[in-house]
Structure formats: structure tokens, C-alpha cells
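S.K.: Mind having a look at this structure? Questions to follow.
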Amino acid sequence: MEWQRLEYFQTLAEVQHMTRAAELLSISQPALSRSIAGLEEEIGVPLFDRRGRSIVLNRYGQMFLQRVNRIIKELNDGLEDIHQLINPEQGEVTLGFLHTLGTSSVPNIIRAFHQQYPDITFQFKQNHTHTQLKQLKSGELDLCLLASTEDEKLIEWTELWRDELYVIVPTNHPLAMGKSISLTEVAEESFISMKKGYALRKTTDEIFEEAGVTPTISFEGDEVATVAGFVAAGLGFSILPDGGEINSNKIAKLRIEDVTCERVIGMAVVKDRYLSPAAKRFQQFVLDYFSQEKA
């Protein structure tokens with residue numbers, strides 16, 4: 001069924017006058033007549049009663065018109081929604097990011113962005129790297145902020161900043177009063193880790209490998225706040241970025257001396273995939289935001 005025929009039918013049903021409807025549609029009267037006849041043939045029943053020069057919508061036509069009005073309204077509403085989404089001044093951006101970025105990094109970026117573009121809205125999804133990449137590829141996310149990715153041919157990842165990682169211990173730990181620590185000093189103690197599959201777990205595994213230390217993992221958590229809570233309870237030490245999860249009243253953070261301890265955070269998008277004007281604007285803003293910080 002041709003969409004144009006539905007529009008012609010709707011207009012003719014409203015004015016119930018073939019010549020006037022043809023003028024409104026900017027087509028010839030014979031062309032309109034052929035279109036309506038073709039529609040009636042396709043449906044299998046007449047939609048109008050012809051009475052001399054007049055044309056009147058019959059009961060089949062009235063029933064069909066209700067559905068056509070709904071269909072056309074849904075289409076127009078959908079087009080309007082899309083136009084609003086792709087409006088560079090009023091669109092929407094779906095952004096994914098690591099849980100650990102939600103306490104300061106992402107709020108700071110969004111606050112700065114909203115100062116320039118207050119009418120652009122966001123949908124946020126916090127998750128670990130593996131799930132974010134899956135959502136990015138499926139189109140659920142426009143962009144995401146996560147640790148560096150490997151062997152992801154479809155993903156374009158750009159480094160933005162680096163976070164220093166610290167050994168964290170409870171405040172009553174014998175080494176808590178120091179400023180820095182060697183991993184060998186805590187090598188025999190229980191280590192509280194993120195679960196496998198999390199970017200932070202991969203990073204800490206690489207740090208221990210570089211330091212030549214095999215940690216004794218006692219607990220594994222899904223959330224940095226959970227890991228920090230276990231440390232505060234005296235159940236072990238961990239390696240975490242500085243953030244709101246680290247309660248200075250219960251936890252001490254120590255710089256690591258013997259290896260470079262940092263995680264690299266970047267922005268990921270799917271290569272060559274369409275981004276709405278609002279998403280492109282946010283992407284460029286983030287790139288500029290961090291290039292200025294590095295300058």
C-alpha cells in the first residue's frame with residue numbers, strides 16, 4: 001500500500017470534493033481519481049459513495065479514515081521526535097561511562113557542556129567496559145567513556161586523560177601514615193579486587209605483573225564503593241583511583257613507588273556510524289575540553 005495514496009485519501013475524506021482535494025494536493029483531478037480507485041481496489045471495498053458530482057465518505061471509508069489518521073499522526077509525531085533529537089541545539093545524547101567516573105569526572109564535563117548548550121539533554125548508562133562496548137555496537141549508546149580498548153576493530157577510541165591509582169588501606173593500617181608504598185610491602189596481605197571483566201581489574205592485574213607480585217585475592221566486587229567498603233572494614237587493601245568512594249576518615253591512600261600506576265580513560269564511538277548533530281557537538285566539546293586541560 002503506497003503511503004501517498006493514504007495522504008490523498010485523507011485529504012479527499014476531509015473535503016469530500018474531488019476538484020478541491022486535487023487543488024490542495026497540487027495534482028490533477030484524474031490523477032487523484034486513479035489513486036483513490038487504486039486504493040479501493042487494493043482494499044476490496046469502495047470508500048466513497050458517488051452521487052453525481054458529489055462524493056461522500058461511506059461507512060467503510062469512515063472506519064478506514066480513523067486508522068489512517070492514527071497512522072499519519074504517528075508518522076508525523078515520529079518525524080517530529082527525530083527532528084528534535086537531531087537538532088544540534090535541542091537534541092539528546094546517550095552517554096555511557098564507568099561507574100567510577102560518576103562521582104566527579106562526568107558531572108564536571110556535563111556541567112561545563114550545559115553552560116554552553118543548556119537545551120541538549122542526556123540519557124546516562126553506567127556500566128563496566130564489556131557491557132558498554134556491547135551497548136555501543138548495538139546502537140544503545142552514542143558514545144562512552146571507558147578505559148582503553150584492545151582488538152576492537154569497529155571502535156574508535158581516543159585518549160582523554162589519565163587517573164593515578166593508589167593503594168588504599170584502612171586508617172588503622174601500620175602503613176597508613178605514610179605517603180607512598182611499594183607493592184612488595186603489602187604483597188602478603190589480602191587484596192580486595194574488582195571482578196574479572198572490569199577494566200580496573202585488568203589494569204591492576206597488569207600492575208601486579210609489572211611489580212612481580214602475585215596478590216592474594218580475598219574478595220571481588222562489582223562496585224568501587226563496595227571494594228572501598230571492604231577495605232574500610234579492615235578486610236584487606238586495594239588499588240583504586242581517587243574519588244568519592246574513598247572516605248578519608250576510614251581509608252588512607254598511598255602512592256605506589258615501584259611501578260607506574262594509572263588508568264587511561266578515553267572516549268569510544270563506533271567507526272563511521274552516524275552521530276546526531278547533538279552527539280557530534282558533545283563529542284567535539286569533550287575533545288576540546290581535555291585538549292585545553294593538557295595545554
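Chain labels A, B, ... are given in the sequence in which chains occur in the C-alpha cells; within each chain residues are numbered consecutively from 1, and ligands are likewise numbered from 1 in the order shown.
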Would you please extract all alpha helix (DSSP H) residues from stretch 19-60 of chain A, as assigned by DSSP on the backbone, and give them as a PyMOL selection string?

M.R.: chain A and resi 19-25+29-43+59-60

S.K.: With C-alpha atoms retained, export the selected residues as a PDB file, in the first residue's frame.

M.R.:
```pdb
ATOM      1  CA  THR A  19     -11.652  19.057  -7.576  1.00  0.00           C
ATOM      2  CA  ARG A  20     -10.931  20.910  -4.337  1.00  0.00           C
ATOM      3  CA  ALA A  21      -8.895  17.974  -2.956  1.00  0.00           C
ATOM      4  CA  ALA A  22      -6.858  17.807  -6.175  1.00  0.00           C
ATOM      5  CA  GLU A  23      -6.093  21.522  -5.873  1.00  0.00           C
ATOM      6  CA  LEU A  24      -4.996  21.124  -2.241  1.00  0.00           C
ATOM      7  CA  LEU A  25      -2.734  18.237  -3.213  1.00  0.00           C
ATOM      8  CA  GLN A  29      -8.234  15.543 -10.737  1.00  0.00           C
ATOM      9  CA  PRO A  30      -7.817  12.445 -12.969  1.00  0.00           C
ATOM     10  CA  ALA A  31      -4.625  11.531 -11.094  1.00  0.00           C
ATOM     11  CA  LEU A  32      -6.449  11.797  -7.766  1.00  0.00           C
ATOM     12  CA  SER A  33      -9.361   9.717  -9.096  1.00  0.00           C
ATOM     13  CA  ARG A  34      -6.979   6.996 -10.277  1.00  0.00           C
ATOM     14  CA  SER A  35      -5.180   6.955  -6.934  1.00  0.00           C
ATOM     15  CA  ILE A  36      -8.413   6.600  -4.927  1.00  0.00           C
ATOM     16  CA  ALA A  37      -9.722   3.922  -7.301  1.00  0.00           C
ATOM     17  CA  GLY A  38      -6.462   2.007  -6.904  1.00  0.00           C
ATOM     18  CA  LEU A  39      -6.708   2.241  -3.122  1.00  0.00           C
ATOM     19  CA  GLU A  40     -10.297   0.978  -3.139  1.00  0.00           C
ATOM     20  CA  GLU A  41      -9.304  -1.896  -5.408  1.00  0.00           C
ATOM     21  CA  GLU A  42      -6.419  -2.800  -3.091  1.00  0.00           C
ATOM     22  CA  ILE A  43      -8.669  -2.745  -0.012  1.00  0.00           C
ATOM     23  CA  ARG A  59     -19.093   3.584   6.473  1.00  0.00           C
ATOM     24  CA  TYR A  60     -16.087   1.653   5.168  1.00  0.00           C
TER      25      TYR A  60
END
```

S.K.: Can you list, as a VMD selection string, every residue of stretch 17-259 of chain A that DSSP puts in strand (DSSP E or B)?

M.R.: chain A and resid 48 to 51 54 to 57 92 to 97 121 to 126 143 to 147 155 to 170 180 to 181 190 to 194 216 to 221 237 to 241 251 to 256

S.K.: If you count only C-alpha atoms, which residues fall within 12 Å of A:Leu175, apart from same-chain ones fewer than 3 positions away, as a VMD selection string?

M.R.: chain A and resid 167 to 172 178 to 183 185 to 186 237 251 to 255

S.K.: Output N, CA and C atoms of each residue in that selection to a file, as a tab-separated table (two decimals), in the first residue's frame.

M.R.:
```
chain	number	residue	atom	x	y	z
A	167	VAL	N	47.27	2.74	46.26
A	167	VAL	CA	46.99	1.67	47.22
A	167	VAL	C	46.13	2.29	48.32
A	168	ILE	N	45.04	1.64	48.65
A	168	ILE	CA	44.21	2.14	49.75
A	168	ILE	C	44.20	1.09	50.86
A	169	VAL	N	44.33	1.58	52.07
A	169	VAL	CA	44.35	0.72	53.27
A	169	VAL	C	43.47	1.37	54.32
A	170	PRO	N	43.01	0.61	55.30
A	170	PRO	CA	42.23	1.22	56.40
A	170	PRO	C	43.12	2.16	57.20
A	171	THR	N	42.52	3.14	57.83
A	171	THR	CA	43.30	4.17	58.54
A	171	THR	C	44.08	3.61	59.74
A	172	ASN	N	43.71	2.43	60.22
A	172	ASN	CA	44.45	1.82	61.33
A	172	ASN	C	45.55	0.87	60.85
A	178	GLY	N	52.00	6.80	56.07
A	178	GLY	CA	52.99	7.14	55.05
A	178	GLY	C	52.36	7.83	53.86
A	179	LYS	N	53.20	8.29	52.95
A	179	LYS	CA	52.73	8.97	51.73
A	179	LYS	C	52.81	8.07	50.51
A	180	SER	N	53.73	7.09	50.56
A	180	SER	CA	53.88	6.19	49.43
A	180	SER	C	54.22	4.80	49.94
A	181	ILE	N	54.16	3.84	49.01
A	181	ILE	CA	54.32	2.45	49.41
A	181	ILE	C	54.84	1.64	48.22
A	182	SER	N	55.56	0.59	48.50
A	182	SER	CA	55.94	-0.38	47.48
A	182	SER	C	54.96	-1.55	47.57
A	183	LEU	N	54.59	-2.09	46.44
A	183	LEU	CA	53.63	-3.20	46.46
A	183	LEU	C	54.18	-4.41	47.20
A	185	GLU	N	55.50	-4.38	49.96
A	185	GLU	CA	55.23	-4.20	51.39
A	185	GLU	C	53.87	-4.77	51.79
A	186	VAL	N	52.98	-4.90	50.83
A	186	VAL	CA	51.64	-5.45	51.13
A	186	VAL	C	51.37	-6.72	50.35
A	237	PHE	N	43.61	-4.72	51.41
A	237	PHE	CA	43.93	-3.47	50.72
A	237	PHE	C	43.45	-3.57	49.28
A	251	ILE	N	39.74	5.43	55.29
A	251	ILE	CA	40.69	4.86	54.35
A	251	ILE	C	41.84	5.84	54.11
A	252	ALA	N	43.04	5.32	54.02
A	252	ALA	CA	44.21	6.12	53.66
A	252	ALA	C	44.65	5.71	52.26
A	253	LYS	N	45.04	6.68	51.46
A	253	LYS	CA	45.53	6.37	50.10
A	253	LYS	C	47.03	6.66	50.04
A	254	LEU	N	47.74	5.76	49.38
A	254	LEU	CA	49.20	5.84	49.31
A	254	LEU	C	49.65	5.72	47.87
A	255	ARG	N	50.57	6.58	47.47
A	255	ARG	CA	51.14	6.49	46.13
A	255	ARG	C	51.99	5.22	46.03
```

S.K.: For A:His99, list every protein, DNA or RNA residue within 10 Å, evaluated using only C-alpha atoms, and leave out those in the same chain fewer than 6 positions away; present the list as number ranges by chain.

M.R.: A: 106, 125-129, 146, 222-225

S.K.: Dump N, CA and C atoms for the selected residues as a PDB file, in the first residue's frame?

M.R.:
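Writing the result to result.pdb gives the following:
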```pdb
ATOM      1  N   VAL A 106      32.498  12.817  35.078  1.00  0.00           N
ATOM      2  CA  VAL A 106      31.365  13.029  34.168  1.00  0.00           C
ATOM      3  C   VAL A 106      30.511  14.219  34.597  1.00  0.00           C
ATOM      4  N   LYS A 125      24.033   5.885  31.010  1.00  0.00           N
ATOM      5  CA  LYS A 125      24.089   4.460  31.338  1.00  0.00           C
ATOM      6  C   LYS A 125      25.462   4.159  31.917  1.00  0.00           C
ATOM      7  N   GLN A 126      25.483   3.737  33.174  1.00  0.00           N
ATOM      8  CA  GLN A 126      26.738   3.393  33.834  1.00  0.00           C
ATOM      9  C   GLN A 126      26.916   1.884  33.810  1.00  0.00           C
ATOM     10  N   ASN A 127      28.100   1.454  33.379  1.00  0.00           N
ATOM     11  CA  ASN A 127      28.369   0.026  33.339  1.00  0.00           C
ATOM     12  C   ASN A 127      29.851  -0.216  33.163  1.00  0.00           C
ATOM     13  N   HIS A 128      30.254  -1.476  33.258  1.00  0.00           N
ATOM     14  CA  HIS A 128      31.659  -1.785  33.050  1.00  0.00           C
ATOM     15  C   HIS A 128      31.971  -1.816  31.548  1.00  0.00           C
ATOM     16  N   THR A 129      33.236  -1.904  31.216  1.00  0.00           N
ATOM     17  CA  THR A 129      33.690  -1.727  29.833  1.00  0.00           C
ATOM     18  C   THR A 129      33.042  -2.713  28.871  1.00  0.00           C
ATOM     19  N   LEU A 146      35.433   5.209  28.738  1.00  0.00           N
ATOM     20  CA  LEU A 146      35.901   3.981  29.357  1.00  0.00           C
ATOM     21  C   LEU A 146      37.406   3.840  29.205  1.00  0.00           C
ATOM     22  N   ASP A 222      31.713  -5.809  42.410  1.00  0.00           N
ATOM     23  CA  ASP A 222      31.206  -5.210  41.173  1.00  0.00           C
ATOM     24  C   ASP A 222      31.338  -3.697  41.177  1.00  0.00           C
ATOM     25  N   GLU A 223      31.439  -3.116  42.369  1.00  0.00           N
ATOM     26  CA  GLU A 223      31.446  -1.667  42.501  1.00  0.00           C
ATOM     27  C   GLU A 223      32.684  -1.206  43.267  1.00  0.00           C
ATOM     28  N   VAL A 224      33.242  -0.066  42.846  1.00  0.00           N
ATOM     29  CA  VAL A 224      34.381   0.502  43.558  1.00  0.00           C
ATOM     30  C   VAL A 224      33.987   0.820  44.995  1.00  0.00           C
ATOM     31  N   ALA A 225      32.762   1.310  45.190  1.00  0.00           N
ATOM     32  CA  ALA A 225      32.299   1.638  46.540  1.00  0.00           C
ATOM     33  C   ALA A 225      32.292   0.408  47.430  1.00  0.00           C
TER      34      ALA A 225
END
```

S.K.: I want to know what sits within 10 Å of A:Ala199, based on only C-alpha atoms, with residues of the same chain fewer than 4 positions away left out; could you give that as number ranges by chain?

M.R.: A: 98, 128-130, 146-149, 194-195, 203-205, 263-264

S.K.: Pick the closest to A:Thr131 from A:Pro215, A:Pro107, A:Gly234, A:Gly96: which is it, counting only C-alpha atoms?

M.R.: A:Gly96

S.K.: One decimal, Å: what's the distance from atom CA of A:His173 over to atom CA of A:Ile207, could you say?

M.R.: 21.8 Å

S.K.: Measure the distance from atom CA of A:Gln283 to atom CA of A:Thr100 in Å and round it to one decimal.

M.R.: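 So the two atoms, atom CA of A:Gln283 and atom CA of A:Thr100, lie 20.2 Å apart.
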